[in-house]
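A.B. asks: For reference, the file query08.cif (mmCIF, C-alpha atoms) is included below:
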```
data_run
loop_
_atom_site.label_atom_id
_atom_site.label_comp_id
_atom_site.auth_asym_id
_atom_site.auth_seq_id
_atom_site.Cartn_x
_atom_site.Cartn_y
_atom_site.Cartn_z
CA MET A 1 7.81 4.13 32.55
CA VAL A 2 6.16 3.70 29.15
CA SER A 3 4.94 6.96 27.66
CA ASN A 4 1.46 7.34 26.16
CA ASP A 5 3.03 7.75 22.72
CA GLN A 6 5.06 4.55 23.10
CA ARG A 7 1.95 2.72 24.28
CA ARG A 8 -0.03 3.93 21.24
CA ARG A 9 2.76 2.76 18.94
CA GLN A 10 2.85 -0.62 20.69
CA LEU A 11 -0.91 -1.03 20.36
CA ALA A 12 -0.74 -0.06 16.67
CA ARG A 13 1.95 -2.64 16.03
CA GLU A 14 -0.01 -5.33 17.90
CA LYS A 15 -3.12 -4.53 15.89
CA PHE A 16 -1.05 -4.63 12.70
CA LEU A 17 0.22 -8.14 13.52
CA ARG A 18 -3.30 -9.35 14.40
CA GLN A 19 -4.53 -8.16 11.02
CA GLN A 20 -1.81 -10.11 9.23
CA GLN A 21 -2.57 -13.31 11.16
CA ARG A 22 -6.33 -13.07 10.56
CA ARG A 23 -5.92 -12.39 6.84
CA GLU A 24 -3.53 -15.33 6.45
CA SER A 25 -5.98 -17.65 8.26
CA ALA A 26 -8.81 -16.44 6.04
CA ARG A 27 -6.72 -17.06 2.93
CA ARG A 28 -5.91 -20.60 4.04
CA ARG A 29 -9.58 -21.35 4.66
CA ALA A 30 -10.50 -19.87 1.26
CA ARG A 31 -7.85 -21.96 -0.53
CA THR A 32 -9.10 -25.14 1.16
CA ARG A 33 -12.73 -24.34 0.32
CA ASN A 34 -11.88 -23.56 -3.33
CA THR A 35 -9.94 -26.81 -3.68
CA VAL A 36 -12.93 -28.84 -2.43
CA ILE A 37 -15.33 -27.03 -4.74
CA ALA A 38 -13.03 -27.43 -7.72
CA SER A 39 -12.67 -31.17 -7.10
CA ALA A 40 -16.42 -31.68 -6.72
CA LEU A 41 -17.39 -29.81 -9.85
CA ALA A 42 -14.33 -30.72 -11.93
CA VAL A 43 -13.91 -27.05 -12.78
CA VAL A 44 -10.47 -25.51 -13.12
CA VAL A 45 -10.31 -22.09 -11.48
CA VAL A 46 -7.35 -19.88 -12.32
CA ALA A 47 -6.77 -17.43 -9.45
CA GLY A 48 -4.62 -14.36 -10.10
CA ALA A 49 -2.23 -12.84 -7.61
CA GLY A 50 -4.45 -9.85 -6.97
CA ALA A 51 -5.63 -11.15 -3.61
CA PHE A 52 -2.04 -11.59 -2.49
CA ALA A 53 -1.22 -8.05 -3.65
CA ALA A 54 -3.78 -6.63 -1.24
CA GLY A 55 -1.00 -5.95 1.22
CA ALA A 56 -0.48 -5.77 4.93
CA PHE A 57 -2.02 -2.32 4.65
CA ASP A 58 -5.18 -3.59 2.95
CA GLY A 59 -7.88 -2.29 5.30
CA LYS A 60 -8.96 -2.06 8.90
CA ASP A 61 -9.39 -4.97 11.28
CA LYS A 62 -13.14 -5.56 11.49
CA LYS A 63 -13.10 -7.06 14.99
CA ASP A 64 -10.95 -4.28 16.42
CA SER A 65 -13.09 -1.67 14.69
CA ALA A 66 -16.30 -3.15 16.07
CA ALA A 67 -14.90 -3.27 19.58
CA SER A 68 -13.81 0.36 19.48
CA LYS A 69 -16.64 1.78 17.41
CA PRO A 70 -17.68 5.20 18.73
CA SER A 71 -21.25 5.83 19.82
CA ALA A 72 -21.61 8.56 17.22
CA SER A 73 -20.16 8.94 13.76
CA PRO A 74 -17.05 11.14 13.68
CA SER A 75 -17.44 14.53 12.06
CA LYS A 76 -16.03 14.56 8.58
CA ALA A 77 -13.43 17.15 7.69
CA ALA A 78 -13.81 19.30 4.60
CA ASP A 79 -12.50 17.69 1.43
CA PRO A 80 -9.38 19.63 0.34
CA CYS A 81 -9.15 17.96 -3.07
CA GLU A 82 -10.62 18.47 -6.54
CA LYS A 83 -13.01 16.25 -8.47
CA PRO A 84 -11.40 13.35 -10.33
CA ALA A 85 -10.67 13.63 -14.03
CA ALA A 86 -13.10 11.94 -16.40
CA GLY A 87 -12.34 8.29 -17.01
CA LYS A 88 -12.54 4.81 -15.53
CA VAL A 89 -10.12 2.29 -14.12
CA LYS A 90 -8.89 -0.17 -16.73
CA PRO A 91 -9.59 -3.84 -15.82
CA LEU A 92 -6.04 -5.07 -16.49
CA SER A 93 -4.34 -8.23 -15.27
CA TRP A 94 -1.28 -10.28 -16.16
CA LYS A 95 -0.23 -13.80 -15.24
CA LYS A 96 3.43 -13.08 -14.55
CA GLU A 97 5.79 -10.28 -13.69
CA PRO A 98 6.94 -8.26 -16.74
CA ALA A 99 10.42 -8.86 -18.10
CA LEU A 100 13.10 -6.67 -16.54
CA THR A 101 13.74 -3.92 -19.09
CA ILE A 102 14.75 -0.86 -17.06
CA ASP A 103 18.31 0.41 -16.93
CA LYS A 104 19.39 -0.25 -13.33
CA SER A 105 22.20 2.30 -13.62
CA ALA A 106 19.84 5.12 -14.68
CA GLY A 107 17.66 7.44 -12.65
CA TYR A 108 13.87 7.11 -12.76
CA THR A 109 11.14 9.35 -11.41
CA MET A 110 7.43 8.74 -10.93
CA ASN A 111 4.75 11.37 -10.79
CA LEU A 112 1.33 10.74 -9.33
CA ALA A 113 -0.99 13.44 -10.64
CA THR A 114 -3.71 13.24 -7.99
CA THR A 115 -6.87 15.18 -7.29
CA CYS A 116 -5.05 16.67 -4.29
CA GLY A 117 -1.91 17.71 -6.17
CA ASP A 118 1.14 16.14 -7.80
CA ILE A 119 3.29 13.73 -5.80
CA GLY A 120 6.76 13.42 -7.29
CA ILE A 121 8.94 10.45 -6.38
CA ALA A 122 12.60 9.65 -7.05
CA LEU A 123 12.74 5.89 -7.65
CA LYS A 124 15.52 3.54 -6.54
CA ALA A 125 16.11 1.53 -9.70
CA LYS A 126 19.49 0.14 -8.61
CA GLU A 127 18.30 -0.99 -5.17
CA ALA A 128 14.81 -2.21 -6.18
CA PRO A 129 14.93 -3.03 -9.91
CA HIS A 130 12.00 -5.46 -9.99
CA THR A 131 9.75 -3.02 -8.17
CA VAL A 132 10.70 -0.01 -10.28
CA ASN A 133 10.43 -2.09 -13.45
CA SER A 134 6.93 -3.20 -12.45
CA PHE A 135 5.81 0.37 -11.77
CA ASP A 136 7.30 1.51 -15.09
CA PHE A 137 5.31 -1.25 -16.82
CA LEU A 138 2.05 -0.65 -14.96
CA ALA A 139 2.17 3.12 -15.32
CA GLY A 140 2.84 2.73 -19.04
CA LYS A 141 -0.28 0.59 -19.36
CA GLY A 142 -2.42 3.13 -17.49
CA PHE A 143 -3.01 0.65 -14.66
CA PHE A 144 -2.99 3.30 -11.91
CA ASP A 145 -5.03 5.92 -13.76
CA HIS A 146 -8.34 6.82 -12.03
CA THR A 147 -7.60 4.57 -9.02
CA LYS A 148 -8.47 5.69 -5.49
CA CYS A 149 -6.06 5.82 -2.58
CA HIS A 150 -8.23 3.72 -0.30
CA ARG A 151 -6.57 3.83 3.12
CA LEU A 152 -5.17 6.44 5.49
CA THR A 153 -3.68 5.65 8.89
CA THR A 154 -3.25 8.44 11.43
CA ASN A 155 -2.30 6.71 14.68
CA GLY A 156 0.96 4.86 15.32
CA ILE A 157 1.52 4.27 11.60
CA TYR A 158 1.24 7.28 9.30
CA VAL A 159 0.70 6.24 5.69
CA LEU A 160 -1.53 6.73 2.69
CA GLN A 161 -2.11 3.49 0.77
CA CYS A 162 -2.79 3.45 -2.96
CA GLY A 163 -2.39 1.26 -6.05
CA ASP A 164 -5.49 -0.93 -5.82
CA PRO A 165 -7.63 -0.83 -8.99
CA LYS A 166 -10.61 -2.07 -6.96
CA GLY A 167 -10.24 0.59 -4.29
CA THR A 168 -10.98 -1.98 -1.58
CA GLY A 169 -7.56 -3.24 -0.56
CA ALA A 170 -8.08 -6.55 -2.38
CA GLY A 171 -6.91 -5.71 -5.91
CA GLY A 172 -3.66 -6.16 -7.79
CA PRO A 173 -2.05 -6.70 -11.21
CA GLY A 174 -2.41 -10.50 -11.24
CA TYR A 175 1.26 -11.14 -10.43
CA THR A 176 3.61 -10.65 -7.50
CA ILE A 177 7.16 -9.31 -7.32
CA PRO A 178 10.05 -10.19 -5.00
CA ASP A 179 10.91 -8.20 -1.89
CA GLU A 180 13.90 -5.92 -2.37
CA ASN A 181 16.07 -3.38 -0.58
CA LEU A 182 14.96 -4.43 2.91
CA LYS A 183 18.34 -3.35 4.31
CA ASP A 184 18.09 0.15 2.90
CA LYS A 185 20.23 2.55 4.92
CA SER A 186 17.19 4.78 5.48
CA LEU A 187 15.48 2.08 7.59
CA LYS A 188 16.91 2.55 11.06
CA GLY A 189 15.43 1.15 14.25
CA ASN A 190 12.52 -0.43 12.35
CA VAL A 191 11.31 2.99 11.28
CA TYR A 192 10.15 3.89 7.79
CA PRO A 193 10.98 7.60 7.68
CA ALA A 194 8.67 10.29 6.37
CA GLY A 195 9.09 10.63 2.62
CA THR A 196 9.39 6.89 1.94
CA ILE A 197 7.33 5.03 -0.64
CA ALA A 198 7.19 1.28 -0.03
CA MET A 199 5.33 -1.80 -1.21
CA ALA A 200 2.35 -3.21 0.65
CA ASN A 201 2.17 -6.99 0.98
CA THR A 202 0.36 -9.76 2.84
CA GLY A 203 2.93 -10.07 5.57
CA GLN A 204 4.45 -13.05 3.73
CA LYS A 205 7.62 -12.88 1.65
CA HIS A 206 7.48 -11.85 -2.00
CA THR A 207 3.75 -11.02 -2.12
CA GLY A 208 3.88 -7.41 -3.31
CA GLY A 209 1.75 -6.55 -6.34
CA SER A 210 0.65 -3.01 -7.21
CA GLN A 211 -0.36 -1.58 -3.84
CA PHE A 212 2.04 0.78 -2.13
CA PHE A 213 2.09 3.18 0.78
CA LEU A 214 3.37 6.73 1.13
CA VAL A 215 4.81 7.61 4.53
CA TYR A 216 3.99 11.17 5.62
CA GLN A 217 5.38 10.82 9.16
CA ASP A 218 7.98 8.47 10.66
CA SER A 219 6.29 5.08 11.15
CA GLN A 220 7.60 2.12 13.14
CA LEU A 221 7.24 -1.05 11.10
CA PRO A 222 9.26 -4.23 10.62
CA PRO A 223 11.61 -4.00 7.61
CA SER A 224 9.41 -6.26 5.48
CA TYR A 225 8.12 -3.79 2.89
CA THR A 226 10.26 -2.89 -0.11
CA PRO A 227 11.29 0.79 0.06
CA PHE A 228 11.67 1.87 -3.54
CA GLY A 229 11.65 5.65 -3.65
CA THR A 230 11.72 9.02 -1.93
CA ILE A 231 8.87 11.54 -2.07
CA SER A 232 9.60 15.13 -3.10
CA ASP A 233 9.12 18.09 -0.74
CA SER A 234 6.13 19.28 -2.74
CA GLY A 235 4.68 15.77 -2.67
CA MET A 236 5.02 15.71 1.11
CA LYS A 237 2.97 18.88 1.34
CA VAL A 238 0.21 17.14 -0.62
CA LEU A 239 0.35 14.10 1.68
CA LYS A 240 0.15 16.24 4.82
CA LYS A 241 -2.86 18.05 3.39
CA ILE A 242 -4.56 14.69 2.84
CA ALA A 243 -3.62 13.51 6.34
CA ALA A 244 -4.91 16.72 7.91
CA ALA A 245 -8.38 15.97 6.52
CA GLY A 246 -8.40 12.72 8.52
CA GLU A 247 -9.95 9.34 7.86
CA SER A 248 -13.51 8.09 7.88
CA THR A 249 -13.67 5.96 11.05
CA GLY A 250 -12.26 8.39 13.59
CA GLN A 251 -10.16 5.50 14.92
CA GLY A 252 -6.99 6.26 12.97
CA ASP A 253 -7.39 3.71 10.16
CA GLY A 254 -9.91 4.02 7.35
CA ALA A 255 -10.70 5.61 4.02
CA PRO A 256 -9.30 9.14 3.70
CA ASN A 257 -11.84 11.95 4.02
CA ALA A 258 -10.04 13.63 1.14
CA THR A 259 -11.02 12.41 -2.33
CA VAL A 260 -7.61 11.04 -3.30
CA VAL A 261 -7.67 9.72 -6.85
CA ILE A 262 -4.64 9.18 -9.09
CA ASP A 263 -5.72 10.84 -12.31
CA LYS A 264 -2.50 9.85 -14.06
CA ALA A 265 0.69 8.00 -13.06
CA THR A 266 3.84 8.37 -15.14
CA VAL A 267 7.35 6.96 -14.82
CA LYS A 268 10.24 8.61 -16.65
CA LYS A 269 13.89 7.81 -17.13
CA SER A 270 16.05 10.78 -16.21
#
```
Please, can you express the file's structure as structure tokens?

C.D. replies:
Amino acid sequence: MVSNDQRRRQLAREKFLRQQQRRESARRRARTRNTVIASALAVVVVAGAGAFAAGAFDGKDKKDSAASKPSASPSKAADPCEKPAAGKVKPLSWKKEPALTIDKSAGYTMNLATTCGDIGIALKAKEAPHTVNSFDFLAGKGFFDHTKCHRLTTNGIYVLQCGDPKGTGAGGPGYTIPDENLKDKSLKGNVYPAGTIAMANTGQKHTGGSQFFLVYQDSQLPPSYTPFGTISDSGMKVLKKIAAAGESTGQGDGAPNATVVIDKATVKKS
């Protein structure tokens, strides 16, 4: 007998895989169309890796959402967060991954000073050096400052997704980084445990960019997303406060009702 909870998890995973397949098909069609246009007009178009950095957690499935759209808009929970700090997102992009400069034998921590509270993270530099190095680089450039956390899932998969300068699920730093640490001892039974921070990607290998997700409750996912840190206890309290406010669609996958903006991201060597 399959329990209701197991069925919900199965449906969430099936929806997750459909999203990946549809996005990949759309990308292939877009690449073909762009090639034809470029040949006809003799114009060279340089496309950054931002689209690929959008991630497997880059937004809700439009067809599934339309099919399950409620007859009335869901009531919106009170916003538990403060107004964002003054400032704008910097339009930054690079053509290739930054050179590896971190000390893999040292400890590194990241702090996300958000409108909902600080989220402290112990980073895994030894296990995921390219990922931690990229975050050290991007944070140092102010890439994450004033960016919105654009997605919250509350059914089957329990994550808050951030790191997109566009706030749409389609942005990135212009480069991609390799997958790492996919056999981390914390990943048991295809479950990303609460307190994990991991990279979002397209569902294809080595397509992570700047988008990441914070797991606030055990979530069953294939081990395809680089786990690169552990969230502090105080950071988990912030995440649960955000999750408690719910998401905008009422279907378990949408923009968070809470105004979650990263005012400042910092990475420090300990």

A.B. asks: Just want the 10 Å neighbourhood of Val260 in chain A, counted on only C-alpha atoms, with same-chain residues fewer than 3 positions away dropped. Output as a PyMOL selection string.

C.D. replies: chain A and resi 79-84+114-117+146-151+160+162+239+242+255-257+263

A.B. asks: Could you tell me how far CA of Leu92 in chain A lies from CA of Asp145 in chain A, in Å and to one decimal?

C.D. replies: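 Between CA of Leu92 in chain A and CA of Asp145 in chain A the gap works out to 11.4 Å.
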
A.B. asks: What separation in Å, quoted to one decimal, exists between CA of Val132 in chain A and CA of Tyr175 in chain A?

C.D. replies: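 Between these atoms lies a distance of 14.6 Å.
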
A.B. asks: Where does the PyMOL selection byres ((chain A and resi 214) around 7) land in this file, that is, which residues does it pick, as a CSV table (one decimal) with C-alpha atoms, in the coordinates of the input?

C.D. replies:
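Final output, selection24.csv:
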```csv
chain,number,residue,atom,x,y,z
A,159,VAL,CA,0.7,6.2,5.7
A,160,LEU,CA,-1.5,6.7,2.7
A,161,GLN,CA,-2.1,3.5,0.8
A,196,THR,CA,9.4,6.9,1.9
A,197,ILE,CA,7.3,5.0,-0.6
A,198,ALA,CA,7.2,1.3,0.0
A,212,PHE,CA,2.0,0.8,-2.1
A,213,PHE,CA,2.1,3.2,0.8
A,215,VAL,CA,4.8,7.6,4.5
A,216,TYR,CA,4.0,11.2,5.6
```

A.B. asks: Would you mind telling me which residue in A:Leu221, A:Ile177, A:Ala200, A:Ala122 lies nearest to Tyr158 in chain A when using all atoms listed in the file?

C.D. replies: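 Closest to Tyr158 in chain A, using all atoms listed in the file: A:Leu221.
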
A.B. asks: As a check of understanding, name the residues that the PyMOL selection byres ((chain A and resi 130) around 8) selects in the supplied structure, as a PDB file with C-alpha atoms, keeping the file's coordinate frame.

C.D. replies:
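To be explicit, this is the file written out as result.pdb:
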```pdb
ATOM      1  CA  LEU A 100      13.100  -6.670 -16.540  1.00  0.00           C
ATOM      2  CA  ALA A 128      14.810  -2.210  -6.180  1.00  0.00           C
ATOM      3  CA  PRO A 129      14.930  -3.030  -9.910  1.00  0.00           C
ATOM      4  CA  THR A 131       9.750  -3.020  -8.170  1.00  0.00           C
ATOM      5  CA  VAL A 132      10.700  -0.010 -10.280  1.00  0.00           C
ATOM      6  CA  ASN A 133      10.430  -2.090 -13.450  1.00  0.00           C
ATOM      7  CA  SER A 134       6.930  -3.200 -12.450  1.00  0.00           C
ATOM      8  CA  ILE A 177       7.160  -9.310  -7.320  1.00  0.00           C
ATOM      9  CA  PRO A 178      10.050 -10.190  -5.000  1.00  0.00           C
ATOM     10  CA  GLU A 180      13.900  -5.920  -2.370  1.00  0.00           C
TER      11      GLU A 180
END
```
